[in-house]
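Enquirer: The following file, target-v1.txt, comprises compact mmCIF, N, CA and C atoms:
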# COMPACT_ATOMS: atom_id res chain seq x y z
N GLU R 278 4.52 -17.31 0.03
CA GLU R 278 4.49 -15.88 -0.14
C GLU R 278 3.04 -15.43 -0.11
N ASN R 279 2.82 -14.32 0.51
CA ASN R 279 1.46 -13.79 0.63
C ASN R 279 1.43 -12.35 0.17
N ILE R 280 0.27 -11.93 -0.21
CA ILE R 280 0.08 -10.52 -0.52
C ILE R 280 -1.05 -10.01 0.34
N ARG R 281 -0.91 -8.84 0.85
CA ARG R 281 -1.96 -8.20 1.62
C ARG R 281 -2.28 -6.93 0.86
N HIS R 282 -3.53 -6.69 0.64
CA HIS R 282 -3.97 -5.53 -0.12
C HIS R 282 -4.64 -4.57 0.82
N THR R 283 -4.35 -3.30 0.67
CA THR R 283 -5.01 -2.30 1.48
C THR R 283 -5.89 -1.45 0.58
N SER R 284 -7.05 -1.12 1.08
CA SER R 284 -7.99 -0.31 0.33
C SER R 284 -7.74 1.15 0.68
N ARG R 285 -7.57 1.99 -0.36
CA ARG R 285 -7.22 3.39 -0.13
C ARG R 285 -8.27 4.35 -0.64
N GLY R 286 -9.48 3.99 -0.69
CA GLY R 286 -10.49 4.92 -1.19
C GLY R 286 -10.16 5.32 -2.62
N ASN R 287 -10.24 6.60 -2.94
CA ASN R 287 -10.00 7.04 -4.31
C ASN R 287 -8.59 7.54 -4.53
N SER R 288 -7.67 7.32 -3.60
CA SER R 288 -6.32 7.88 -3.76
C SER R 288 -5.34 6.89 -4.38
N GLY R 289 -5.82 5.79 -4.90
CA GLY R 289 -4.92 4.85 -5.55
C GLY R 289 -4.78 3.57 -4.77
N ARG R 290 -4.01 2.65 -5.31
CA ARG R 290 -3.88 1.33 -4.71
C ARG R 290 -2.40 1.05 -4.51
N LYS R 291 -2.07 0.47 -3.38
CA LYS R 291 -0.72 0.00 -3.11
C LYS R 291 -0.82 -1.46 -2.76
N ASN R 292 -0.01 -2.27 -3.37
CA ASN R 292 0.02 -3.67 -3.04
C ASN R 292 1.29 -3.98 -2.26
N LEU R 293 1.13 -4.70 -1.21
CA LEU R 293 2.23 -5.00 -0.31
C LEU R 293 2.45 -6.50 -0.27
N ARG R 294 3.68 -6.88 -0.34
CA ARG R 294 4.01 -8.29 -0.20
C ARG R 294 4.27 -8.53 1.26
N GLY R 295 3.40 -9.29 1.88
CA GLY R 295 3.56 -9.60 3.28
C GLY R 295 3.93 -11.06 3.44
N GLY R 296 4.60 -11.37 4.51
CA GLY R 296 4.95 -12.76 4.73
C GLY R 296 5.20 -13.01 6.19
N ARG R 297 5.17 -14.27 6.54
CA ARG R 297 5.39 -14.68 7.92
C ARG R 297 6.81 -15.15 8.12
N LYS R 298 7.35 -14.81 9.27
CA LYS R 298 8.65 -15.32 9.68
C LYS R 298 8.52 -15.61 11.16
N GLU R 299 8.65 -16.87 11.51
CA GLU R 299 8.51 -17.29 12.91
C GLU R 299 7.18 -16.80 13.50
N SER R 300 6.10 -16.96 12.75
CA SER R 300 4.75 -16.61 13.15
C SER R 300 4.51 -15.11 13.30
N LEU R 301 5.39 -14.28 12.78
CA LEU R 301 5.20 -12.84 12.80
C LEU R 301 5.10 -12.33 11.36
N TRP R 302 4.39 -11.21 11.17
CA TRP R 302 4.15 -10.65 9.85
C TRP R 302 5.03 -9.44 9.57
N GLY R 303 5.47 -9.33 8.32
CA GLY R 303 6.21 -8.18 7.84
C GLY R 303 5.79 -7.93 6.40
N ALA R 304 6.34 -6.90 5.76
CA ALA R 304 5.93 -6.58 4.39
C ALA R 304 7.01 -5.83 3.65
N ILE R 305 6.94 -5.96 2.33
CA ILE R 305 7.74 -5.15 1.41
C ILE R 305 6.73 -4.49 0.49
N SER R 306 6.87 -3.20 0.28
CA SER R 306 5.95 -2.48 -0.58
C SER R 306 6.69 -1.96 -1.79
N LYS R 307 6.07 -2.00 -2.94
CA LYS R 307 6.63 -1.41 -4.15
C LYS R 307 6.03 -0.03 -4.28
N THR R 308 6.81 0.97 -3.92
CA THR R 308 6.34 2.34 -3.97
C THR R 308 7.51 3.26 -4.19
N ASN R 309 7.25 4.47 -4.59
CA ASN R 309 8.27 5.48 -4.81
C ASN R 309 8.45 6.38 -3.59
N HIS R 310 7.65 6.18 -2.57
CA HIS R 310 7.66 7.06 -1.41
C HIS R 310 8.33 6.39 -0.22
N PRO R 311 9.02 7.15 0.61
CA PRO R 311 9.85 6.55 1.67
C PRO R 311 9.11 5.87 2.81
N VAL R 312 7.94 6.32 3.21
CA VAL R 312 7.33 5.79 4.43
C VAL R 312 6.51 4.52 4.24
N LEU R 313 6.18 4.17 3.01
CA LEU R 313 5.33 3.00 2.79
C LEU R 313 6.12 1.74 2.47
N ARG R 314 7.37 1.72 2.75
CA ARG R 314 8.21 0.60 2.34
C ARG R 314 8.19 -0.55 3.33
N TRP R 315 9.31 -1.05 3.63
CA TRP R 315 9.55 -2.24 4.44
C TRP R 315 8.91 -2.17 5.81
N ARG R 316 8.38 -3.30 6.25
CA ARG R 316 7.97 -3.48 7.64
C ARG R 316 8.64 -4.77 8.11
N ASP R 317 9.45 -4.67 9.14
CA ASP R 317 10.11 -5.85 9.69
C ASP R 317 9.07 -6.83 10.21
N PRO R 318 9.37 -8.14 10.19
CA PRO R 318 8.41 -9.14 10.66
C PRO R 318 8.33 -9.17 12.19
N VAL R 319 7.63 -8.16 12.73
CA VAL R 319 7.46 -8.04 14.19
C VAL R 319 5.99 -7.95 14.59
N TYR R 320 5.08 -8.07 13.61
CA TYR R 320 3.65 -7.89 13.87
C TYR R 320 2.98 -9.25 14.09
N LYS R 321 2.14 -9.34 15.12
CA LYS R 321 1.51 -10.61 15.50
C LYS R 321 0.37 -11.02 14.58
N SER R 322 -0.21 -10.08 13.84
CA SER R 322 -1.34 -10.40 12.98
C SER R 322 -1.29 -9.54 11.73
N VAL R 323 -2.07 -9.95 10.72
CA VAL R 323 -2.17 -9.16 9.50
C VAL R 323 -2.79 -7.80 9.82
N ARG R 324 -3.76 -7.77 10.72
CA ARG R 324 -4.38 -6.49 11.10
C ARG R 324 -3.35 -5.55 11.73
N GLU R 325 -2.54 -6.08 12.61
CA GLU R 325 -1.50 -5.26 13.25
C GLU R 325 -0.54 -4.69 12.20
N LEU R 326 -0.15 -5.52 11.23
CA LEU R 326 0.70 -5.06 10.13
C LEU R 326 0.00 -3.96 9.33
N ALA R 327 -1.26 -4.19 8.98
CA ALA R 327 -2.01 -3.19 8.21
C ALA R 327 -2.09 -1.87 8.97
N MET R 328 -2.34 -1.93 10.26
CA MET R 328 -2.47 -0.70 11.05
C MET R 328 -1.16 0.08 11.12
N SER R 329 -0.02 -0.58 10.93
CA SER R 329 1.26 0.14 10.94
C SER R 329 1.36 1.11 9.77
N TYR R 330 0.50 0.96 8.77
CA TYR R 330 0.48 1.86 7.61
C TYR R 330 -0.59 2.95 7.72
N PHE R 331 -1.45 2.90 8.72
CA PHE R 331 -2.61 3.79 8.78
C PHE R 331 -2.26 5.27 8.65
N HIS R 332 -1.27 5.74 9.38
CA HIS R 332 -0.97 7.17 9.40
C HIS R 332 -0.32 7.67 8.11
N GLU R 333 0.24 6.77 7.32
CA GLU R 333 0.89 7.17 6.08
C GLU R 333 -0.04 7.19 4.88
N TYR R 334 -1.24 6.66 5.01
CA TYR R 334 -2.19 6.63 3.90
C TYR R 334 -3.12 7.82 3.99
N PHE R 335 -2.82 8.87 3.23
CA PHE R 335 -3.66 10.06 3.22
C PHE R 335 -3.57 10.74 1.87
N LEU R 336 -4.57 11.59 1.59
CA LEU R 336 -4.56 12.37 0.36
C LEU R 336 -3.60 13.54 0.55
N PRO R 337 -2.66 13.73 -0.36
CA PRO R 337 -1.69 14.81 -0.18
C PRO R 337 -2.31 16.21 -0.25
N THR R 338 -3.44 16.33 -0.91
CA THR R 338 -4.06 17.66 -1.04
C THR R 338 -4.82 18.08 0.21
N THR R 339 -5.47 17.12 0.88
CA THR R 339 -6.30 17.46 2.04
C THR R 339 -5.78 16.88 3.35
N GLY R 340 -4.95 15.86 3.26
CA GLY R 340 -4.47 15.20 4.48
C GLY R 340 -5.45 14.19 5.04
N ARG R 341 -6.57 13.96 4.34
CA ARG R 341 -7.59 13.02 4.83
C ARG R 341 -7.05 11.59 4.76
N LYS R 342 -7.22 10.84 5.85
CA LYS R 342 -6.77 9.45 5.92
C LYS R 342 -7.58 8.60 4.94
N THR R 343 -6.93 7.62 4.31
CA THR R 343 -7.60 6.84 3.27
C THR R 343 -7.47 5.33 3.43
N LEU R 344 -6.85 4.86 4.48
CA LEU R 344 -6.74 3.41 4.69
C LEU R 344 -7.99 2.96 5.44
N TYR R 345 -8.93 2.38 4.72
CA TYR R 345 -10.22 2.02 5.30
C TYR R 345 -10.33 0.54 5.63
N ALA R 346 -9.60 -0.31 4.88
CA ALA R 346 -9.73 -1.75 5.05
C ALA R 346 -8.47 -2.45 4.59
N TYR R 347 -8.33 -3.70 4.98
CA TYR R 347 -7.23 -4.54 4.52
C TYR R 347 -7.82 -5.89 4.16
N SER R 348 -7.12 -6.61 3.30
CA SER R 348 -7.64 -7.91 2.86
C SER R 348 -6.99 -9.04 3.63
N LYS R 349 -7.63 -10.18 3.57
CA LYS R 349 -6.99 -11.37 4.14
C LYS R 349 -5.79 -11.71 3.25
N PRO R 350 -4.80 -12.41 3.78
CA PRO R 350 -3.62 -12.74 2.97
C PRO R 350 -3.99 -13.54 1.72
N PHE R 351 -3.28 -13.26 0.66
CA PHE R 351 -3.49 -13.93 -0.62
C PHE R 351 -2.23 -14.73 -0.91
N ASP R 352 -2.35 -16.02 -1.06
CA ASP R 352 -1.20 -16.91 -1.21
C ASP R 352 -0.71 -16.95 -2.65
N LEU R 353 0.39 -16.24 -2.93
CA LEU R 353 0.93 -16.19 -4.28
C LEU R 353 1.70 -17.45 -4.65
N SER R 354 1.99 -18.32 -3.70
CA SER R 354 2.69 -19.56 -4.04
C SER R 354 1.79 -20.48 -4.88
N LYS R 355 0.50 -20.20 -4.92
CA LYS R 355 -0.43 -20.98 -5.73
C LYS R 355 -0.52 -20.47 -7.17
N VAL R 356 0.19 -19.39 -7.45
CA VAL R 356 0.19 -18.80 -8.79
C VAL R 356 1.59 -18.98 -9.38
N ALA R 357 1.66 -19.47 -10.60
CA ALA R 357 2.95 -19.68 -11.25
C ALA R 357 3.73 -18.36 -11.33
N PRO R 358 5.02 -18.37 -10.96
CA PRO R 358 5.81 -17.13 -10.97
C PRO R 358 5.81 -16.40 -12.31
N GLU R 359 5.76 -17.14 -13.42
CA GLU R 359 5.76 -16.48 -14.73
C GLU R 359 4.49 -15.67 -14.96
N CYS R 360 3.47 -15.90 -14.15
CA CYS R 360 2.23 -15.14 -14.28
C CYS R 360 2.29 -13.79 -13.57
N TRP R 361 3.24 -13.62 -12.65
CA TRP R 361 3.27 -12.35 -11.93
C TRP R 361 4.68 -11.84 -11.65
N VAL R 362 5.65 -12.70 -11.36
CA VAL R 362 7.00 -12.23 -11.03
C VAL R 362 7.71 -11.72 -12.27
N THR R 363 7.69 -12.51 -13.32
CA THR R 363 8.45 -12.16 -14.53
C THR R 363 7.55 -11.78 -15.69
N SER R 364 6.27 -11.66 -15.46
CA SER R 364 5.34 -11.32 -16.53
C SER R 364 5.59 -9.91 -17.05
N GLU R 365 5.57 -9.77 -18.36
CA GLU R 365 5.66 -8.44 -18.96
C GLU R 365 4.28 -7.90 -19.29
N GLY R 366 3.28 -8.72 -19.06
CA GLY R 366 1.91 -8.30 -19.34
C GLY R 366 1.31 -7.56 -18.15
N SER R 367 0.10 -7.12 -18.34
CA SER R 367 -0.63 -6.41 -17.29
C SER R 367 -0.91 -7.33 -16.11
N LEU R 368 -0.84 -6.80 -14.93
CA LEU R 368 -1.18 -7.55 -13.72
C LEU R 368 -2.51 -7.09 -13.15
N ASP R 369 -3.34 -6.50 -14.00
CA ASP R 369 -4.67 -6.06 -13.56
C ASP R 369 -5.47 -7.22 -12.97
N TRP R 370 -5.31 -8.42 -13.53
CA TRP R 370 -6.03 -9.59 -13.02
C TRP R 370 -5.72 -9.82 -11.55
N LEU R 371 -4.46 -9.56 -11.16
CA LEU R 371 -4.07 -9.76 -9.76
C LEU R 371 -4.72 -8.70 -8.88
N ALA R 372 -4.69 -7.46 -9.33
CA ALA R 372 -5.34 -6.38 -8.57
C ALA R 372 -6.83 -6.65 -8.43
N GLU R 373 -7.46 -7.14 -9.50
CA GLU R 373 -8.90 -7.44 -9.45
C GLU R 373 -9.19 -8.60 -8.49
N THR R 374 -8.30 -9.60 -8.48
CA THR R 374 -8.46 -10.72 -7.56
C THR R 374 -8.37 -10.23 -6.12
N LEU R 375 -7.40 -9.36 -5.86
CA LEU R 375 -7.25 -8.81 -4.51
C LEU R 375 -8.45 -7.96 -4.13
N ASP R 376 -8.91 -7.15 -5.08
CA ASP R 376 -10.09 -6.32 -4.81
C ASP R 376 -11.31 -7.16 -4.46
N ALA R 377 -11.41 -8.35 -5.07
CA ALA R 377 -12.57 -9.23 -4.84
C ALA R 377 -12.44 -10.06 -3.57
N SER R 378 -11.26 -10.10 -2.97
CA SER R 378 -11.06 -10.91 -1.77
C SER R 378 -11.71 -10.24 -0.56
N PRO R 379 -11.97 -11.02 0.49
CA PRO R 379 -12.59 -10.43 1.68
C PRO R 379 -11.72 -9.31 2.28
N HIS R 380 -12.37 -8.22 2.64
CA HIS R 380 -11.69 -7.09 3.27
C HIS R 380 -12.31 -6.84 4.65
N TYR R 381 -11.48 -6.32 5.53
CA TYR R 381 -11.90 -6.06 6.90
C TYR R 381 -11.66 -4.59 7.22
N PRO R 382 -12.65 -3.90 7.77
CA PRO R 382 -12.47 -2.48 8.08
C PRO R 382 -11.45 -2.29 9.20
N VAL R 383 -10.68 -1.19 9.12
CA VAL R 383 -9.71 -0.90 10.17
C VAL R 383 -10.38 -0.26 11.39
N ALA R 384 -11.53 0.38 11.17
CA ALA R 384 -12.26 1.03 12.26
C ALA R 384 -13.66 1.36 11.75
N PRO R 385 -14.59 1.64 12.65
CA PRO R 385 -15.93 2.06 12.21
C PRO R 385 -15.85 3.35 11.39
N LYS R 386 -16.75 3.50 10.42
CA LYS R 386 -16.76 4.68 9.56
C LYS R 386 -16.86 5.97 10.36
N SER R 387 -17.62 5.96 11.45
CA SER R 387 -17.78 7.18 12.25
C SER R 387 -16.44 7.62 12.84
N ILE R 388 -15.59 6.68 13.18
CA ILE R 388 -14.26 7.01 13.71
C ILE R 388 -13.37 7.50 12.58
N LEU R 389 -13.40 6.83 11.44
CA LEU R 389 -12.55 7.21 10.31
C LEU R 389 -12.88 8.61 9.82
N ARG R 390 -14.16 9.00 9.86
CA ARG R 390 -14.54 10.36 9.44
C ARG R 390 -13.92 11.42 10.33
N ARG R 391 -13.67 11.07 11.59
CA ARG R 391 -13.11 12.05 12.55
C ARG R 391 -11.61 11.91 12.72
N ALA R 392 -10.97 11.05 11.93
CA ALA R 392 -9.52 10.83 12.09
C ALA R 392 -8.76 12.14 11.83
N ARG R 393 -7.71 12.34 12.58
CA ARG R 393 -6.87 13.52 12.42
C ARG R 393 -6.30 13.56 11.00
N ARG R 394 -6.36 14.70 10.38
CA ARG R 394 -5.78 14.85 9.05
C ARG R 394 -4.27 15.00 9.17
N ALA R 395 -3.58 14.59 8.13
CA ALA R 395 -2.12 14.76 8.10
C ALA R 395 -1.81 16.26 8.13
N SER R 396 -0.80 16.62 8.86
CA SER R 396 -0.40 18.03 8.95
C SER R 396 0.27 18.47 7.65
N MET R 397 0.46 19.77 7.51
CA MET R 397 1.12 20.29 6.32
C MET R 397 2.53 19.73 6.21
N LEU R 398 3.22 19.58 7.33
CA LEU R 398 4.57 19.00 7.32
C LEU R 398 4.53 17.56 6.79
N GLU R 399 3.58 16.77 7.25
CA GLU R 399 3.45 15.39 6.77
C GLU R 399 3.12 15.36 5.28
N ARG R 400 2.27 16.28 4.83
CA ARG R 400 1.90 16.32 3.41
C ARG R 400 3.10 16.72 2.55
N GLU R 401 3.88 17.66 3.03
CA GLU R 401 5.08 18.06 2.30
C GLU R 401 6.09 16.91 2.26
N ALA R 402 6.25 16.21 3.38
CA ALA R 402 7.19 15.08 3.43
C ALA R 402 6.75 13.97 2.49
N SER R 403 5.44 13.82 2.28
CA SER R 403 4.95 12.75 1.41
C SER R 403 5.34 12.99 -0.05
N LYS R 404 5.79 14.18 -0.37
CA LYS R 404 6.20 14.49 -1.74
C LYS R 404 7.60 13.96 -2.05
N LEU R 405 8.33 13.55 -1.01
CA LEU R 405 9.65 12.97 -1.25
C LEU R 405 9.50 11.72 -2.10
N ALA R 406 10.41 11.54 -3.05
CA ALA R 406 10.34 10.38 -3.92
C ALA R 406 11.75 9.94 -4.28
N GLN R 407 11.89 8.65 -4.47
CA GLN R 407 13.20 8.12 -4.86
C GLN R 407 13.48 8.40 -6.32
N TRP R 408 12.46 8.24 -7.17
CA TRP R 408 12.62 8.48 -8.60
C TRP R 408 11.70 9.60 -9.01
N HIS R 409 12.22 10.51 -9.81
CA HIS R 409 11.43 11.63 -10.30
C HIS R 409 11.16 11.45 -11.78
N LYS R 410 10.00 11.93 -12.21
CA LYS R 410 9.67 11.85 -13.63
C LYS R 410 10.67 12.68 -14.42
N PRO R 411 11.15 12.15 -15.55
CA PRO R 411 12.07 12.93 -16.37
C PRO R 411 11.34 14.13 -16.97
N ALA R 412 12.08 15.20 -17.17
CA ALA R 412 11.49 16.39 -17.77
C ALA R 412 11.08 16.09 -19.21
N LYS R 413 10.01 16.72 -19.65
CA LYS R 413 9.55 16.51 -21.03
C LYS R 413 10.54 17.17 -21.97
N ARG R 414 10.85 16.46 -23.05
CA ARG R 414 11.74 17.01 -24.06
C ARG R 414 10.91 17.77 -25.09
N THR R 415 11.39 18.90 -25.47
CA THR R 415 10.68 19.66 -26.50
C THR R 415 11.41 19.58 -27.83
N TRP R 416 12.64 19.13 -27.83
CA TRP R 416 13.45 18.98 -29.04
C TRP R 416 13.57 20.28 -29.81
N GLY R 417 13.46 21.41 -29.12
CA GLY R 417 13.66 22.69 -29.75
C GLY R 417 12.51 23.08 -30.68
N LEU R 418 11.43 22.35 -30.63
CA LEU R 418 10.29 22.67 -31.50
C LEU R 418 9.34 23.63 -30.78
N SER R 419 8.73 24.51 -31.53
CA SER R 419 7.76 25.40 -30.90
C SER R 419 6.38 25.20 -31.45
Go through the file and emit its structure as structure tokens.

Expert:
Amino acid sequence: ENIRHTSRGNSGRKNLRGGRKESLWGAISKTNHPVLRWRDPVYKSVRELAMSYFHEYFLPTTGRKTLYAYSKPFDLSKVAPECWVTSEGSLDWLAETLDASPHYPVAPKSILRRARRASMLEREASKLAQWHKPAKRTWGLS
């Protein structure tokens, strides 16, 4: 099992579980949003898989693209499952390990600065979520 980490600038972090099947890459993402989920194992390289997420990584307020780099695969089979699969503790150590791993830029900075911003329709669609935060209870107190 491998993990591929994508760098998203200041808009947060998404960790994707990527893996090989018959020498092709795919991924499962843990997210609440519809477009960042599953990628079938049809990609020839980790870079190709990472680039399949490029258009979906943007700031919802401005539409600015935020996928700047991706990491080399991280082999989770070397980590005991109780440390990450069933752990009830913080997994910050895993995020920090991924952050410290080698990252590769998706494109030169000059190109990324000129990347097309997500349209208003794309930004509105990004608000779709599978789970919504429950409303705050006031318990009738004022």

Enquirer: What is the distance, in Å and to one decimal place, between atom C of Asp369 in chain R and atom N of Ser354 in chain R?

Expert: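 Separation of atom C of Asp369 in chain R and atom N of Ser354 in chain R: 16.3 Å.
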
Enquirer: Report as a list of chain:residue names: the residues of range 332-374 of chain R with a DSSP assignment of helix (DSSP H, G or I), based on the backbone of this structure.

Expert: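 The residues of range 332-374 of chain R classed as helix (DSSP H, G or I) are R:His332, R:Glu333, R:Leu353, R:Ser354, R:Lys355, R:Pro358, R:Glu359, R:Cys360, R:Asp369, R:Trp370, R:Leu371, R:Ala372, R:Glu373, R:Thr374.
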
Enquirer: What is the CA of Ser322 in chain R to CA of Trp302 in chain R distance in Å?

Expert: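 The value is 6.3 Å.
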
Enquirer: For Leu389 in chain R, which of R:Glu359, R:Lys321, R:Pro337, R:Leu344 is the closest residue, counting all atoms listed in the file?

Expert: R:Leu344

Enquirer: With only C-alpha atoms as the atoms that count, which of R:Ala304, R:Arg394, R:Lys413, R:Glu365 lies nearest to Arg316 in chain R?

Expert: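 Result for the nearest residue to Arg316 in chain R: R:Ala304.
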
Enquirer: Measuring between all atoms listed in the file, which one of R:Val383, R:Arg400, R:Ile388, R:Ser306 shows the shortest distance to Thr339 in chain R?

Expert: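 Among the listed residues, the smallest separation from Thr339 in chain R belongs to R:Arg400.
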
Enquirer: For Ala402 in chain R, which of R:Ile305, R:Ala377, R:Val312, R:Cys360 is the closest residue, counting only N, CA and C atoms?

Expert: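 Between R:Ile305, R:Ala377, R:Val312, R:Cys360, the residue approaching Ala402 in chain R most closely is R:Val312.
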
Enquirer: When you draw a straight line from atom C of Tyr345 in chain R to atom N of Ala327 in chain R, how long is it in Å?

Expert: 10.8 Å

Enquirer: So, counting all atoms listed in the file, which residue among R:Pro350, R:Pro358, R:Pro385, R:Pro311 is closest to Gln407 in chain R?

Expert: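 Once distances to Gln407 in chain R are computed over all atoms listed in the file, the minimum belongs to R:Pro311.
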
Enquirer: Just the residues within 12 Å of Glu401 in chain R, please, counting only C-alpha atoms, with nothing from its chain fewer than 6 positions along; format it as a list in words.

Expert: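 Counting only C-alpha atoms, the residues come to His310, Phe335, Leu336, Pro337, Thr338, Thr339, Gly340 and Ala395 of chain R.
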
Enquirer: Could you name the residues that touch Val362 in chain R at 10 Å or less, counting only C-alpha atoms, but leaving out those on the same chain fewer than 6 positions away, as a VMD selection string?

Expert: chain R and resid 353 356 368

Enquirer: Rank R:Lys404, R:Lys349, R:His332, R:Arg393 by their smallest atom-to-atom distance to Ser378 in chain R, using only N, CA and C atoms, and report the top residue only.

Expert: R:Lys349

Enquirer: Find the residues around Lys386 in chain R up to 12 Å (only C-alpha atoms counted), leave out those fewer than 4 positions away in its own chain, and share them as a list in words.

Expert: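 That gives Lys342, Thr343, Leu344, Tyr345, Ala346, Pro382, Arg390, Arg391 and Ala392 of chain R.
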
Enquirer: For N, CA and C atoms, I'd like the residues from the last selection saved as a CSV table (one decimal), keeping the file's coordinate frame.

Expert:
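Output (out_16.csv):
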chain,number,residue,atom,x,y,z
R,342,LYS,N,-7.2,10.8,5.8
R,342,LYS,CA,-6.8,9.4,5.9
R,342,LYS,C,-7.6,8.6,4.9
R,343,THR,N,-6.9,7.6,4.3
R,343,THR,CA,-7.6,6.8,3.3
R,343,THR,C,-7.5,5.3,3.4
R,344,LEU,N,-6.8,4.9,4.5
R,344,LEU,CA,-6.7,3.4,4.7
R,344,LEU,C,-8.0,3.0,5.4
R,345,TYR,N,-8.9,2.4,4.7
R,345,TYR,CA,-10.2,2.0,5.3
R,345,TYR,C,-10.3,0.5,5.6
R,346,ALA,N,-9.6,-0.3,4.9
R,346,ALA,CA,-9.7,-1.8,5.0
R,346,ALA,C,-8.5,-2.4,4.6
R,382,PRO,N,-12.6,-3.9,7.8
R,382,PRO,CA,-12.5,-2.5,8.1
R,382,PRO,C,-11.4,-2.3,9.2
R,390,ARG,N,-14.2,9.0,9.9
R,390,ARG,CA,-14.5,10.4,9.4
R,390,ARG,C,-13.9,11.4,10.3
R,391,ARG,N,-13.7,11.1,11.6
R,391,ARG,CA,-13.1,12.0,12.6
R,391,ARG,C,-11.6,11.9,12.7
R,392,ALA,N,-11.0,11.0,11.9
R,392,ALA,CA,-9.5,10.8,12.1
R,392,ALA,C,-8.8,12.1,11.8

Enquirer: Since the input has fewer atoms than a full residue there, write range 322-334 of chain R out with N, CA, C and O atoms, as a PDB file, in the coordinates of the input.

Expert:
ATOM      1  N   SER R 322      -0.210 -10.080  13.840  1.00  0.00           N
ATOM      2  CA  SER R 322      -1.340 -10.400  12.980  1.00  0.00           C
ATOM      3  C   SER R 322      -1.290  -9.540  11.730  1.00  0.00           C
ATOM      4  O   SER R 322      -0.610  -8.507  11.684  1.00  0.00           O
ATOM      5  N   VAL R 323      -2.070  -9.950  10.720  1.00  0.00           N
ATOM      6  CA  VAL R 323      -2.170  -9.160   9.500  1.00  0.00           C
ATOM      7  C   VAL R 323      -2.790  -7.800   9.820  1.00  0.00           C
ATOM      8  O   VAL R 323      -2.368  -6.773   9.291  1.00  0.00           O
ATOM      9  N   ARG R 324      -3.760  -7.770  10.720  1.00  0.00           N
ATOM     10  CA  ARG R 324      -4.380  -6.490  11.100  1.00  0.00           C
ATOM     11  C   ARG R 324      -3.350  -5.550  11.730  1.00  0.00           C
ATOM     12  O   ARG R 324      -3.307  -4.370  11.414  1.00  0.00           O
ATOM     13  N   GLU R 325      -2.540  -6.080  12.610  1.00  0.00           N
ATOM     14  CA  GLU R 325      -1.500  -5.260  13.250  1.00  0.00           C
ATOM     15  C   GLU R 325      -0.540  -4.690  12.200  1.00  0.00           C
ATOM     16  O   GLU R 325      -0.181  -3.517  12.250  1.00  0.00           O
ATOM     17  N   LEU R 326      -0.150  -5.520  11.230  1.00  0.00           N
ATOM     18  CA  LEU R 326       0.700  -5.060  10.130  1.00  0.00           C
ATOM     19  C   LEU R 326       0.000  -3.960   9.330  1.00  0.00           C
ATOM     20  O   LEU R 326       0.586  -2.915   9.054  1.00  0.00           O
ATOM     21  N   ALA R 327      -1.260  -4.190   8.980  1.00  0.00           N
ATOM     22  CA  ALA R 327      -2.010  -3.190   8.210  1.00  0.00           C
ATOM     23  C   ALA R 327      -2.090  -1.870   8.970  1.00  0.00           C
ATOM     24  O   ALA R 327      -1.909  -0.797   8.384  1.00  0.00           O
ATOM     25  N   MET R 328      -2.340  -1.930  10.260  1.00  0.00           N
ATOM     26  CA  MET R 328      -2.470  -0.700  11.050  1.00  0.00           C
ATOM     27  C   MET R 328      -1.160   0.080  11.120  1.00  0.00           C
ATOM     28  O   MET R 328      -1.177   1.292  11.326  1.00  0.00           O
ATOM     29  N   SER R 329      -0.020  -0.580  10.930  1.00  0.00           N
ATOM     30  CA  SER R 329       1.260   0.140  10.940  1.00  0.00           C
ATOM     31  C   SER R 329       1.360   1.110   9.770  1.00  0.00           C
ATOM     32  O   SER R 329       2.191   2.010   9.776  1.00  0.00           O
ATOM     33  N   TYR R 330       0.500   0.960   8.770  1.00  0.00           N
ATOM     34  CA  TYR R 330       0.480   1.860   7.610  1.00  0.00           C
ATOM     35  C   TYR R 330      -0.590   2.950   7.720  1.00  0.00           C
ATOM     36  O   TYR R 330      -0.637   3.854   6.892  1.00  0.00           O
ATOM     37  N   PHE R 331      -1.450   2.900   8.720  1.00  0.00           N
ATOM     38  CA  PHE R 331      -2.610   3.790   8.780  1.00  0.00           C
ATOM     39  C   PHE R 331      -2.260   5.270   8.650  1.00  0.00           C
ATOM     40  O   PHE R 331      -2.872   6.004   7.869  1.00  0.00           O
ATOM     41  N   HIS R 332      -1.270   5.740   9.380  1.00  0.00           N
ATOM     42  CA  HIS R 332      -0.970   7.170   9.400  1.00  0.00           C
ATOM     43  C   HIS R 332      -0.320   7.670   8.110  1.00  0.00           C
ATOM     44  O   HIS R 332      -0.330   8.861   7.845  1.00  0.00           O
ATOM     45  N   GLU R 333       0.240   6.770   7.320  1.00  0.00           N
ATOM     46  CA  GLU R 333       0.890   7.170   6.080  1.00  0.00           C
ATOM     47  C   GLU R 333      -0.040   7.190   4.880  1.00  0.00           C
ATOM     48  O   GLU R 333       0.325   7.664   3.817  1.00  0.00           O
ATOM     49  N   TYR R 334      -1.240   6.660   5.010  1.00  0.00           N
ATOM     50  CA  TYR R 334      -2.190   6.630   3.900  1.00  0.00           C
ATOM     51  C   TYR R 334      -3.120   7.820   3.990  1.00  0.00           C
ATOM     52  O   TYR R 334      -4.101   7.808   4.734  1.00  0.00           O
TER      53      TYR R 334
END
